[in-house]
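To start, the structure itself, in structure tokens.
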Amino acid sequence: MIKETVRFLFFAVLLLAGVQYSALPEVAHALKVAARSGDPAAQVALARMYFEGDFGKHDPDMAARWLQRAVDQGDADAMNILGRFHLAGVGVERDPAKGLALLRAAADKGQTQAQAYMAYAYGQGAGVKRNAAEFLRWTRKAAESGDARSQFNLAVLLLTGSLVPQNIPESYLWLERAADQGFTEAQVNLGELLLRGVGQPPDVVEACKWFAIAGTKGHPQAEKRLHQIVEYMTKEEMDEAAHRANVWLEIKSGAR
């Protein structure tokens, strides 16, 4: 499970996950002015626009140039993105060693996605020798920084007692954090634990809530489990589960 869940979509998803900027001419002009004046955040934003084709064409070379200017100022987000460019040879010459060095520097500065990548690198031996202790260290750092996938990975390790002493209460804590961020696999696994009563009394209502939330994304296992358990729930329990799920969905919708 860990092997599958530590895989990452590289630069494209990373870029698209950033703050989106309008391509309106006045906005683009203001952004260019700020970037040229040395604002690293503006430089990273401008790099995203070039990469995404907001100026008429997909231009990874220009994106890399602006990222390098931000890297030269020590910007961790730029280090993270440019590091992945070097790993994949996008906009720059492919240089895995340089890419990994940039990602490590970003991770050391606390950049969450870079920390998650370092966990992946040590877990898979991607550019470094596989090292369980380093995998665990970076997984925990990324989880503490708020990376949902890393929170899920850490929860699985704690649940199974892999690399760390088994700790079911802490496993619940990390699953809940990942689930609350909308990480579907965490929602489904949390529902399963709650339904089975692993380490605590079963909670069918809370389990139903998480299956219902994951089911809204079309997760087949969540939909299957939801149909199975409602057969044994009272109307009051189903109403409460639906209420909790709707409240969660409304809060998340409002947050967006």
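Going through the structure tokens in order, the chains are called A, B, and so on, while each chain numbers its residues from 1 and the ligands are numbered from 1 in the order shown.
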
Near Val230 in chain A, within 10 Å and counting only C-alpha atoms, which residues show up once chain neighbours fewer than 4 positions away are dropped, as a CSV table (one decimal) with N, CA and C atoms, in the first residue's frame?
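Contents of the output file part_8.csv:
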```
chain,number,residue,atom,x,y,z
A,204,VAL,N,-20.7,3.2,13.8
A,204,VAL,CA,-21.3,3.0,12.5
A,204,VAL,C,-21.7,4.3,11.8
A,205,VAL,N,-22.2,5.3,12.7
A,205,VAL,CA,-22.6,6.6,12.1
A,205,VAL,C,-21.4,7.3,11.5
A,208,CYS,N,-20.3,5.6,8.4
A,208,CYS,CA,-21.2,5.9,7.3
A,208,CYS,C,-21.0,7.3,6.7
A,225,ARG,N,-19.6,-0.1,0.5
A,225,ARG,CA,-19.7,-0.3,1.9
A,225,ARG,C,-20.9,0.5,2.4
A,226,LEU,N,-21.2,1.6,1.8
A,226,LEU,CA,-22.3,2.5,2.2
A,226,LEU,C,-23.6,1.7,2.0
A,234,THR,N,-30.5,2.2,11.8
A,234,THR,CA,-31.8,2.8,12.0
A,234,THR,C,-31.9,4.0,11.2
A,235,LYS,N,-33.2,4.5,11.1
A,235,LYS,CA,-33.4,5.8,10.4
A,235,LYS,C,-32.7,6.9,11.1
A,237,GLU,N,-29.9,6.8,12.8
A,237,GLU,CA,-28.5,6.7,12.6
A,237,GLU,C,-28.2,7.2,11.2
A,238,MET,N,-29.0,6.8,10.2
A,238,MET,CA,-28.8,7.3,8.8
A,238,MET,C,-28.9,8.8,8.7
```

Residues within 9 Å of range 194-200 of chain A, please, as a PDB file with C-alpha atoms, in the first residue's frame. Count only C-alpha atoms; anything in the same chain fewer than 6 positions from it doesn't count.
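That gives us selection37.pdb:
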```pdb
ATOM      1  CA  ILE A 168      -3.612   2.713  16.725  1.00  0.00           C
ATOM      2  CA  PRO A 169      -4.787   5.927  18.458  1.00  0.00           C
ATOM      3  CA  GLU A 206     -19.179   8.139  11.752  1.00  0.00           C
ATOM      4  CA  ALA A 207     -18.144   5.326   9.411  1.00  0.00           C
ATOM      5  CA  CYS A 208     -21.222   5.935   7.291  1.00  0.00           C
ATOM      6  CA  ILE A 229     -24.183  -0.860   6.172  1.00  0.00           C
TER       7      ILE A 229
END
```

For this session: Do a neighbour search on range 164-167 of chain A at 9 Å with only C-alpha atoms, toss out local chain neighbours closer than 5 positions, and write the hits as a ChimeraX atom specification.
Result: /A:136,155,157-159,172

Would you put the residues from that selection into a file with C-alpha atoms, as a short mmCIF file (atom, residue, chain, number, x, y, z; two decimals), in the first residue's frame?
```
data_model
loop_
_atom_site.label_atom_id
_atom_site.label_comp_id
_atom_site.auth_asym_id
_atom_site.auth_seq_id
_atom_site.Cartn_x
_atom_site.Cartn_y
_atom_site.Cartn_z
CA LEU A 136 10.09 7.61 7.95
CA ALA A 155 -1.26 6.38 9.54
CA LEU A 157 2.69 2.64 9.18
CA LEU A 158 1.34 3.24 12.67
CA LEU A 159 -1.64 0.99 12.11
CA TYR A 172 -6.59 7.40 13.79
#
```

Problem set entry | Distance query range 52-68 of chain A at most 8 Å, only C-alpha atoms, self and fewer than 2 positions along chain excluded, as a PyMOL selection string | chain A and resi 23+43-44+46-50+70-72+78-79+81-82+85+90-92

Can those selected residues be exported to a file as a CSV table (one decimal), in the first residue's frame so that it contains C-alpha atoms?
```csv
chain,number,residue,atom,x,y,z
A,23,ALA,CA,-4.3,36.1,-17.9
A,43,GLN,CA,8.6,35.2,-10.2
A,44,VAL,CA,7.1,31.8,-9.3
A,46,LEU,CA,5.0,34.3,-13.6
A,47,ALA,CA,6.8,30.9,-14.1
A,48,ARG,CA,3.4,29.2,-13.6
A,49,MET,CA,1.8,31.4,-16.3
A,50,TYR,CA,4.5,30.7,-18.8
A,70,ALA,CA,13.5,32.9,-7.5
A,71,VAL,CA,15.8,30.0,-6.5
A,72,ASP,CA,18.7,32.4,-6.5
A,78,ALA,CA,10.8,27.7,-6.7
A,79,MET,CA,13.4,25.2,-5.5
A,81,ILE,CA,9.3,23.2,-8.7
A,82,LEU,CA,12.7,23.7,-10.5
A,85,PHE,CA,12.0,20.3,-13.8
A,90,VAL,CA,11.4,20.1,-18.5
A,91,GLY,CA,12.6,23.5,-19.5
A,92,VAL,CA,16.1,22.6,-18.5
```

Problem set entry | All residues 12 Å or closer to Ala245 in chain A, only C-alpha atoms, same chain fewer than 3 positions away omitted, as a count of residues only | 24
